[in-house]
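Down below is the structure, laid out as structure tokens.
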Number of protein chains: 2
Amino acid sequence: MGRIKYGPAQAKVTDIQSIVKQVKNGDNIGVAGFTGAGYPKAFPTALAEEIKAAHERGEEFMISLFTGASTAPDLDGVLAGVDGIKFRTPYNGDPTMRNKVNDGTSYYSDIHLSHLAQQITQGWFGQLNWAVVEASSITADGQVVPSTSVGNSRTYLDHAEKIVIEVNSWQSEDLLGLHDIWYGLDALPPNRVPIPITGAGDIIGQQTLNVDWSKVVGVVETQAPDRNSPLKALDEDSIAIGGYFVDFLLAEVKAGRLPKNLLPLQSGVGNVANAVLAGFLESDLEHLTSYTEVIQDGLLALVDAGKCDVASATSFGLSPDYAKKLNENAAAYRGKIVLRPQDISNHPEVVRRIGVIACNGMIEADIYGNVNSTHVAGTKMQNGIGGSGDFTRNAFLSAFVSPSVAKNGDISAIVPMVSHHDHTEHDVSIIVTEQGLADLRGLAPRQRSRVIIEKCAHPDYKEILLDYVARAERNPKALQTPHILTEALSFHQRFVESGSMKP
Amino acid sequence: MGRIKYGPAQAKVTDIQSIVKQVKNGDNIGVAGFTGAGYPKAFPTALAEEIKAAHERGEEFMISLFTGASTAPDLDGVLAGVDGIKFRTPYNGDPTMRNKVNDGTSYYSDIHLSHLAQQITQGWFGQLNWAVVEASSITADGQVVPSTSVGNSRTYLDHAEKIVIEVNSWQSEDLLGLHDIWYGLDALPPNRVPIPITGAGDIIGQQTLNVDWSKVVGVVETQAPDRNSPLKALDEDSIAIGGYFVDFLLAEVKAGRLPKNLLPLQSGVGNVANAVLAGFLESDLEHLTSYTEVIQDGLLALVDAGKCDVASATSFGLSPDYAKKLNENAAAYRGKIVLRPQDISNHPEVVRRIGVIACNGMIEADIYGNVNSTHVAGTKMQNGIGGSGDFTRNAFLSAFVSPSVAKNGDISAIVPMVSHHDHTEHDVSIIVTEQGLADLRGLAPRQRSRVIIEKCAHPDYKEILLDYVARAERNPKALQTPHILTEALSFHQRFVESGSMKP
């Protein structure tokens, strides 16, 4: 019987080359995939070959690519590598794609991850031509079982003219039952209703994705792993950051401002955020829950240890070891893990209602609490904002974490003014580095600057930051947010000129 | 019988001097009041006299002041005038208060208007000592009927140790029935439920505020008008801005991307935003609705003209003429106007669900779509962010509007980089000046810069902005958000040095 249990789907099984030959210059293509999980494995490489051949014939051929979030070298990488992407949204972390954005080959629009599905539905990008999704199986009644992520697949399948389904036998068939697909968000206003989630683990929808089979131009069989990048081993800095954050939360419990099992945890993607979760593993905390966008190793370890009762996300983002574990035991996670569409996993309505505790990585913060999540020196895209804005703005408590320096100390994570603003002073309540934790709740900018510098800045940068503030505060009529405009971006300018922010 | 219909309340009627003598140095005081409407008229002046006397005796005496939003000279003005405010949040527009913030006398924390109630409940500011609210009457069963605003009064009454109620006979008693107070937001997570609003006019709560009378230290009778500042007459620029915006929305209707009666309108406070509403009055649009924070003259005119079926807000903000009209006809607005607590009028959950069309004023926007709503030259507080963030982030469509120049052309509203970031590139979809409308939907930063300059910049600044972009784009490896770090804030620096942004 195999994984394609629906007759009309079996009849549509074909080779990927015959499909990608139908793609046209300028097409809008929405693909599955989030954090290198659950993305189509065959379509992108085959399309890249078509594009390369067209370019060699002197023909124009670029597409617009819409994803869940980051994908992999065999999606963003191969398409960007042949100069095949004209426009890209919403999140990218792929190095080849990044270079094409920064050198002007591709346009990149950086959108909150909870917003894109709505914008597609509102018609902001014109007609979506293709939806290309990965399935772990197709049920006997023609429903699609997603694989290791849900992302924007619900929206892409609903709005695309043509649909391609890749059934990947590398993925566990037992992923069936881990997804919760709610179709209530498809209505545009004025016809929307409340999202009926009041706890992280609430099941509100169906286990599978609906597909209009008249639009399916082909079903393709694949057998290939997700990206599954290994995480770095925990280092001292990450352990210190995780320790400060857990201690802060335990103090909030003691003060009666948080329940004993905290509130649903959100953790950004990456090594440091993953390390923060390791901090919870060492603690006495029990019956934790998580309402987040990605389930990384650290969160799965909390579930496995029985410390986290349920984790809601839109995707896995695992190391090869943990991916193997999931693949062998997927059924065991039913009831403990829920994968939702990303406009629900990240929805402001739910995040604020259930009171998420947010913890996200950053590139830099400034002395007044603004945060840069995306740009190097104000101009180069490093990666997108991802879900950090969705969670930060609406969280019960919102922390940004980073080591205090990078590049052997030549870059300070604390600067006078961030060179690109992704989260403003209005939205950031806690900053943590390996130096300490700055609690900004209820503070005015002039109070924040001293706390951030004292608690978070690296000793190599404390003096010049304090000197900057002291001189900025000499203007007796501009003391709300003291700055020296000619020096506000001087740390970045020095870095661009000399390779170091140090004077 | 009078307006105080509850026996125990009558027994607590007293003079304001005996009350303010109980206020202590360092007290946290939460007051009613939003956009100069519905704030206590007696307490602040009496307290300012106490503070002044204490200072003359050489004693320390400053308080922390929590409001709904902007108040009036006889609240912020008198207290700031005697150096009586140590800490102020969330919104201020008062000139005396502003000066005390900018000269360092007072600390000011600028918070989204939907966030403060939650932060008070979470204990971010410590114990709230006083709640001072204005009532239009007290019912026979001891419930408080708010006057022309609701603001944060529900939260302040619930959390303060001591309560003062000012019953203002200048306000219409017929305001009873215009308020909708929902207590469901008082629960902290994990016990919160969805806010059951699916349309702008939905009534979900009760008409009056609950009061624990054991905490009431006094009831004071007043008879004084709200601030009720007159609006400027519509000028050519405002009419042009309103025209562009209405034309844009009509085109969206024609393209099938908006319903014929649009979606609930939100309009920021001020002359330009008010003028935009006048644009709707001239149109053929019917059965409009509004889900906003303040009902200004323009919106009330739409209701009066039968063009707007229902308007939801947390406050009025009327000219003296319209205030008189409301006072004489308050009962006629039942069913057409709903005043809610500001954490509901501005709640992301509702704003996103019902698909608000947001239109807010700004100080400046930059060529990539970031917006400054609060600061002059990056350092001086002009006013708070207000509700613009609550609405902008979550809106179906979000516009920022401003004349393209100010101060006789010496200030450009379009700059290379805003000097303070309140709304980021991720949240701004439309910018309108009297020059035109920039539609930023789906555009990458490098595309936005040309559209914003071409459509919105004043002719006096177009060339230097285009020149800046062209030179910034010469760096072939940093083309996501091209900037020249040493010049990004040069418009502001020139203004500080020479009084003009012109070179």
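Chain lettering (A, B, ...) mirrors the order of the structure tokens, residue numbering begins at 1 for each chain separately, and ligand numbering begins at 1 in order of display.
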Q. Near Pro196 of chain A, counting only C-alpha atoms, which residues have an atom at most 10 Å away, once you skip same-chain residues fewer than 6 positions from it, shown as a VMD selection string?
A. (chain A and resid 182 184 202 to 205 350) or (chain B and resid 193 to 194)
Q: Please report as number ranges by chain which residues of chain B come no farther than 6 Å from chain A, using only C-alpha atoms.
A: B: 102-104, 107-109, 111, 189-190, 192, 349, 353-355, 379-381, 426, 444, 476-482
Pull N, CA, C and O atoms from the residues just selected and write them as a short mmCIF file (atom, residue, chain, number, x, y, z; two decimals), in the first residue's frame.
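Contents of again-v4.cif, freshly written:
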```
data_model
loop_
_atom_site.label_atom_id
_atom_site.label_comp_id
_atom_site.auth_asym_id
_atom_site.auth_seq_id
_atom_site.Cartn_x
_atom_site.Cartn_y
_atom_site.Cartn_z
N ASN B 102 12.29 66.16 29.71
CA ASN B 102 13.47 66.45 28.90
C ASN B 102 14.59 67.12 29.69
O ASN B 102 15.75 67.03 29.31
N ASP B 103 14.23 67.80 30.81
CA ASP B 103 15.30 68.42 31.60
C ASP B 103 15.78 67.50 32.73
O ASP B 103 16.61 67.89 33.55
N GLY B 104 15.22 66.28 32.79
CA GLY B 104 15.74 65.31 33.73
C GLY B 104 15.07 65.32 35.10
O GLY B 104 15.43 64.52 35.97
N TYR B 107 11.29 60.99 35.40
CA TYR B 107 11.53 59.82 34.56
C TYR B 107 10.24 59.48 33.82
O TYR B 107 9.17 59.47 34.42
N TYR B 108 10.35 59.16 32.53
CA TYR B 108 9.17 58.83 31.73
C TYR B 108 9.38 57.50 31.03
O TYR B 108 10.35 57.33 30.29
N SER B 109 8.48 56.55 31.27
CA SER B 109 8.56 55.25 30.61
C SER B 109 7.41 55.16 29.62
O SER B 109 6.23 55.27 29.99
N ILE B 111 5.07 53.37 27.21
CA ILE B 111 4.53 52.00 27.13
C ILE B 111 3.34 51.98 26.18
O ILE B 111 2.55 52.92 26.16
N PRO B 189 -2.66 34.99 33.34
CA PRO B 189 -2.47 33.64 32.84
C PRO B 189 -1.98 32.73 33.97
O PRO B 189 -1.32 33.23 34.88
N PRO B 190 -2.29 31.47 33.98
CA PRO B 190 -2.85 30.69 32.86
C PRO B 190 -4.39 30.66 32.83
O PRO B 190 -4.93 29.76 32.21
N ARG B 192 -6.67 32.96 31.60
CA ARG B 192 -7.38 33.90 30.73
C ARG B 192 -8.19 33.18 29.66
O ARG B 192 -7.83 32.09 29.21
N GLU B 349 -5.40 41.25 20.30
CA GLU B 349 -6.30 40.13 19.96
C GLU B 349 -7.49 40.63 19.13
O GLU B 349 -7.80 40.06 18.08
N ARG B 353 -8.15 40.37 15.02
CA ARG B 353 -9.29 39.54 14.65
C ARG B 353 -10.26 40.30 13.75
O ARG B 353 -10.68 39.78 12.71
N ILE B 354 -10.63 41.52 14.16
CA ILE B 354 -11.66 42.23 13.40
C ILE B 354 -11.07 43.00 12.22
O ILE B 354 -11.81 43.55 11.41
N GLY B 355 -9.73 43.03 12.11
CA GLY B 355 -9.10 43.58 10.91
C GLY B 355 -9.17 45.10 10.81
O GLY B 355 -9.60 45.65 9.80
N THR B 379 16.40 62.51 20.82
CA THR B 379 16.72 62.65 22.24
C THR B 379 15.59 63.24 23.08
O THR B 379 15.35 62.80 24.20
N LYS B 380 14.90 64.24 22.53
CA LYS B 380 13.85 64.92 23.30
C LYS B 380 12.51 64.23 23.11
O LYS B 380 12.05 64.05 21.98
N MET B 381 11.82 63.94 24.21
CA MET B 381 10.48 63.38 24.13
C MET B 381 9.50 64.47 23.66
O MET B 381 9.45 65.54 24.24
N HIS B 426 9.04 46.32 9.75
CA HIS B 426 8.20 45.13 9.69
C HIS B 426 6.72 45.44 9.87
O HIS B 426 5.88 44.56 9.67
N ALA B 444 10.60 44.96 -0.52
CA ALA B 444 11.85 44.89 0.22
C ALA B 444 12.37 46.31 0.46
O ALA B 444 11.96 47.24 -0.23
N PRO B 476 28.67 47.31 -2.57
CA PRO B 476 28.07 46.19 -3.29
C PRO B 476 27.81 44.96 -2.43
O PRO B 476 27.28 43.98 -2.92
N LYS B 477 28.16 45.00 -1.16
CA LYS B 477 27.97 43.84 -0.29
C LYS B 477 26.99 44.12 0.83
O LYS B 477 26.87 43.33 1.76
N ALA B 478 26.31 45.25 0.81
CA ALA B 478 25.44 45.64 1.93
C ALA B 478 24.16 46.26 1.38
O ALA B 478 23.77 47.36 1.76
N LEU B 479 23.51 45.55 0.49
CA LEU B 479 22.38 46.14 -0.25
C LEU B 479 21.01 45.76 0.30
O LEU B 479 20.00 46.04 -0.32
N GLN B 480 20.93 45.09 1.46
CA GLN B 480 19.60 44.85 2.01
C GLN B 480 18.99 46.16 2.48
O GLN B 480 17.86 46.49 2.11
N THR B 481 19.74 46.92 3.28
CA THR B 481 19.25 48.20 3.79
C THR B 481 20.39 49.20 3.64
O THR B 481 21.09 49.52 4.60
N PRO B 482 20.58 49.72 2.44
CA PRO B 482 21.77 50.56 2.20
C PRO B 482 21.77 51.82 3.07
O PRO B 482 20.78 52.57 3.10
#
```
Q) Near segment 147-158 of chain B, within 6 Å and counting only C-alpha atoms, which residues show up once chain neighbours fewer than 5 positions away are dropped, as a list of chain:residue names? A)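 Once the adjacent positions are removed, what remains is B:Gly30, B:Ala32, B:Phe34, B:Ala37, B:Gly38, B:Gly68, B:Ala117, B:Ala131, B:Ala135, B:Ser136, B:Thr314, B:Ser315, B:Phe316, B:Pro341, B:Gln342.
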Q. Which polymer residues have any atom within 6 Å of an atom of Asn261 of chain B, counting only C-alpha atoms, with same-chain residues fewer than 3 positions away left out, as number ranges by chain?
A. B: 286-288
Interface rows for segment 7-54 of chain A against segment 214-233 of chain A: nearest pair, Å to one decimal, 8 Å, only C-alpha atoms, as a Markdown table:
```
| residue | atom | partner | partner_atom | distance |
| --- | --- | --- | --- | --- |
| A:Ala9 | CA | A:Val219 | CA | 6.7 |
| A:Gln10 | CA | A:Val219 | CA | 7.6 |
| A:Lys12 | CA | A:Gly218 | CA | 5.1 |
| A:Val13 | CA | A:Val219 | CA | 4.4 |
| A:Thr14 | CA | A:Val220 | CA | 5.8 |
| A:Asp15 | CA | A:Val220 | CA | 6.2 |
| A:Ile16 | CA | A:Val220 | CA | 6.4 |
| A:Ile19 | CA | A:Gly218 | CA | 6.8 |
| A:Gly36 | CA | A:Arg227 | CA | 5.0 |
| A:Ala37 | CA | A:Asp226 | CA | 5.2 |
| A:Gly38 | CA | A:Asp226 | CA | 6.6 |
| A:Tyr39 | CA | A:Asp226 | CA | 7.5 |
| A:Lys41 | CA | A:Ala224 | CA | 6.8 |
| A:Ala42 | CA | A:Thr222 | CA | 6.9 |
```
**Q.** Pick from B:Val303, B:Leu176, B:Val294, B:Gly242 nearest to Leu277 of chain B, counting only C-alpha atoms
**A.**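 Of B:Val303, B:Leu176, B:Val294, B:Gly242, the one nearest Leu277 of chain B, counting only C-alpha atoms, is B:Gly242.
Picture a line from atom CA of Ser290 of chain B to atom CA of Ala358 of chain B; it runs 10.0 Å.
With only C-alpha atoms as the atoms that count, the minimum distance from Ala457 of chain B to the choices B:Val469, B:Ala301, B:Ala48, B:Val415 is reached by B:Val415.
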Q: Would you return as an MDAnalysis selection string the members of segment 331-419 of chain A that DSSP assigns to alpha helix (DSSP H) on this structure's backbone?
A: chainID A and resid 342:345 348:354 388:394
Q. Which residues, written as a VMD selection string, have at least one atom at most 7 Å from Val428 of chain B, with only C-alpha atoms counted and residues fewer than 6 positions away on the same chain left out?
A. chain B and resid 369 398 to 399
Q: Going by DSSP on the backbone, which bits of segment 261-452 of chain B are strand (DSSP E)? Write them as a VMD selection string, please.
A: chain B and resid 265 to 267 288 to 291 294 to 295 308 to 313 315 to 316 337 to 339 357 to 361 364 to 366 371 to 372 375 to 376 380 to 381 397 to 401 405 to 406 411 to 412 414 to 415 430 to 433 436 to 439
For the selection you just gave me, I'd like the residues written to a file as a compact mmCIF listing (two decimals), in the first residue's frame, keeping N, CA and C atoms.
```txt
# COMPACT_ATOMS: atom_id res chain seq x y z
N LEU B 265 -12.44 51.26 11.36
CA LEU B 265 -11.40 52.29 11.23
C LEU B 265 -10.82 52.65 12.58
N GLN B 266 -9.49 52.82 12.60
CA GLN B 266 -8.83 53.40 13.76
C GLN B 266 -8.13 54.65 13.31
N SER B 267 -8.24 55.68 14.09
CA SER B 267 -7.60 56.93 13.73
C SER B 267 -6.87 57.48 14.93
N LEU B 288 -20.00 52.40 7.80
CA LEU B 288 -18.67 52.29 8.37
C LEU B 288 -18.77 51.92 9.85
N THR B 289 -17.68 51.35 10.38
CA THR B 289 -17.56 51.14 11.82
C THR B 289 -16.19 51.62 12.25
N SER B 290 -16.03 51.80 13.55
CA SER B 290 -14.73 52.25 14.04
C SER B 290 -14.37 51.47 15.30
N TYR B 291 -13.13 50.99 15.36
CA TYR B 291 -12.59 50.37 16.58
C TYR B 291 -11.29 51.10 16.85
N VAL B 294 -9.80 56.80 20.53
CA VAL B 294 -10.38 58.11 20.86
C VAL B 294 -11.42 58.52 19.81
N ILE B 295 -12.53 59.02 20.29
CA ILE B 295 -13.55 59.56 19.38
C ILE B 295 -13.37 61.07 19.30
N CYS B 308 -21.36 56.25 9.96
CA CYS B 308 -20.68 55.26 10.81
C CYS B 308 -21.71 54.65 11.76
N ASP B 309 -21.90 53.34 11.65
CA ASP B 309 -22.95 52.68 12.44
C ASP B 309 -22.60 52.61 13.92
N VAL B 310 -21.32 52.34 14.22
CA VAL B 310 -20.94 52.23 15.63
C VAL B 310 -19.46 52.54 15.76
N ALA B 311 -19.12 53.23 16.85
CA ALA B 311 -17.73 53.59 17.12
C ALA B 311 -17.36 53.10 18.51
N SER B 312 -16.30 52.29 18.58
CA SER B 312 -15.77 51.79 19.86
C SER B 312 -14.47 52.51 20.16
N ALA B 313 -14.28 52.91 21.43
CA ALA B 313 -13.06 53.62 21.83
C ALA B 313 -12.91 53.46 23.34
N SER B 315 -12.24 56.59 24.93
CA SER B 315 -12.33 57.98 25.36
C SER B 315 -12.90 58.86 24.26
N PHE B 316 -13.48 59.96 24.69
CA PHE B 316 -13.72 61.06 23.76
C PHE B 316 -12.49 61.96 23.74
N ILE B 337 -22.15 54.36 20.27
CA ILE B 337 -20.82 54.60 20.82
C ILE B 337 -20.60 53.66 22.01
N VAL B 338 -19.42 53.03 22.06
CA VAL B 338 -19.05 52.15 23.17
C VAL B 338 -17.68 52.59 23.69
N LEU B 339 -17.61 52.92 24.98
CA LEU B 339 -16.31 53.23 25.60
C LEU B 339 -15.87 52.04 26.45
N ILE B 357 -8.43 48.92 10.16
CA ILE B 357 -7.66 49.78 9.24
C ILE B 357 -7.11 50.93 10.07
N ALA B 358 -5.78 50.93 10.27
CA ALA B 358 -5.17 51.88 11.20
C ALA B 358 -4.59 53.08 10.45
N CYS B 359 -4.75 54.25 11.03
CA CYS B 359 -4.20 55.48 10.46
C CYS B 359 -3.69 56.34 11.60
N ASN B 360 -2.38 56.50 11.69
CA ASN B 360 -1.79 57.23 12.80
C ASN B 360 -0.85 58.32 12.32
N GLY B 361 -0.76 59.39 13.08
CA GLY B 361 0.19 60.45 12.79
C GLY B 361 1.60 60.01 13.13
N GLU B 364 8.18 61.46 11.92
CA GLU B 364 8.97 61.24 10.70
C GLU B 364 9.00 59.76 10.35
N ALA B 365 9.21 59.49 9.07
CA ALA B 365 9.45 58.13 8.60
C ALA B 365 10.77 58.14 7.86
N ASP B 366 11.43 56.97 7.80
CA ASP B 366 12.64 56.97 7.00
C ASP B 366 12.40 56.26 5.67
N VAL B 371 9.33 54.25 11.50
CA VAL B 371 8.60 55.45 11.90
C VAL B 371 8.98 55.88 13.32
N ASN B 372 9.19 57.18 13.46
CA ASN B 372 9.41 57.83 14.75
C ASN B 372 8.13 58.57 15.14
N HIS B 375 10.03 61.18 19.37
CA HIS B 375 11.20 61.97 19.75
C HIS B 375 11.55 63.04 18.71
N VAL B 376 12.06 64.16 19.18
CA VAL B 376 12.65 65.16 18.31
C VAL B 376 14.16 64.97 18.33
N LYS B 380 14.90 64.24 22.53
CA LYS B 380 13.85 64.92 23.30
C LYS B 380 12.51 64.23 23.11
N MET B 381 11.82 63.94 24.21
CA MET B 381 10.48 63.38 24.13
C MET B 381 9.50 64.47 23.66
N LEU B 397 -4.56 46.82 7.60
CA LEU B 397 -3.76 47.79 6.82
C LEU B 397 -3.32 48.87 7.80
N SER B 398 -2.08 49.32 7.67
CA SER B 398 -1.59 50.30 8.62
C SER B 398 -0.93 51.47 7.92
N ALA B 399 -1.49 52.67 8.10
CA ALA B 399 -0.94 53.87 7.48
C ALA B 399 -0.39 54.83 8.52
N PHE B 400 0.70 55.51 8.16
CA PHE B 400 1.18 56.64 8.95
C PHE B 400 1.09 57.89 8.08
N VAL B 401 0.61 58.96 8.68
CA VAL B 401 0.34 60.18 7.92
C VAL B 401 1.02 61.39 8.56
N VAL B 405 6.65 68.28 5.32
CA VAL B 405 7.61 69.16 6.01
C VAL B 405 6.93 69.85 7.19
N ALA B 406 7.76 70.33 8.11
CA ALA B 406 7.28 71.12 9.24
C ALA B 406 8.20 72.31 9.42
N ILE B 411 12.10 71.16 8.52
CA ILE B 411 12.11 69.76 8.95
C ILE B 411 11.42 68.92 7.89
N SER B 412 12.11 67.87 7.43
CA SER B 412 11.50 66.93 6.50
C SER B 412 10.94 65.75 7.27
N ILE B 414 10.43 62.95 5.90
CA ILE B 414 11.10 61.79 5.33
C ILE B 414 12.60 61.99 5.48
N VAL B 415 13.26 61.06 6.16
CA VAL B 415 14.69 61.20 6.47
C VAL B 415 15.41 59.89 6.11
N ILE B 430 1.81 51.55 4.80
CA ILE B 430 1.43 52.69 3.97
C ILE B 430 1.93 53.97 4.63
N ILE B 431 2.52 54.86 3.83
CA ILE B 431 2.89 56.19 4.33
C ILE B 431 2.24 57.23 3.43
N VAL B 432 1.64 58.24 4.05
CA VAL B 432 0.93 59.28 3.28
C VAL B 432 1.38 60.66 3.72
N THR B 433 1.77 61.49 2.75
CA THR B 433 1.94 62.92 3.01
C THR B 433 1.08 63.67 1.99
N GLY B 436 1.70 62.52 -1.60
CA GLY B 436 1.19 61.28 -2.17
C GLY B 436 1.19 60.13 -1.18
N LEU B 437 0.88 58.95 -1.69
CA LEU B 437 0.76 57.75 -0.85
C LEU B 437 1.76 56.69 -1.31
N ALA B 438 2.57 56.20 -0.39
CA ALA B 438 3.52 55.13 -0.69
C ALA B 438 2.94 53.81 -0.19
N ASP B 439 2.70 52.90 -1.10
CA ASP B 439 2.15 51.58 -0.77
C ASP B 439 3.32 50.61 -0.64
```
Q.
For a test of reading the model, state the distance in Å between atom CA of Leu209 of chain B and atom CA of Ala323 of chain B, rounded to one decimal.
A. 22.8 Å
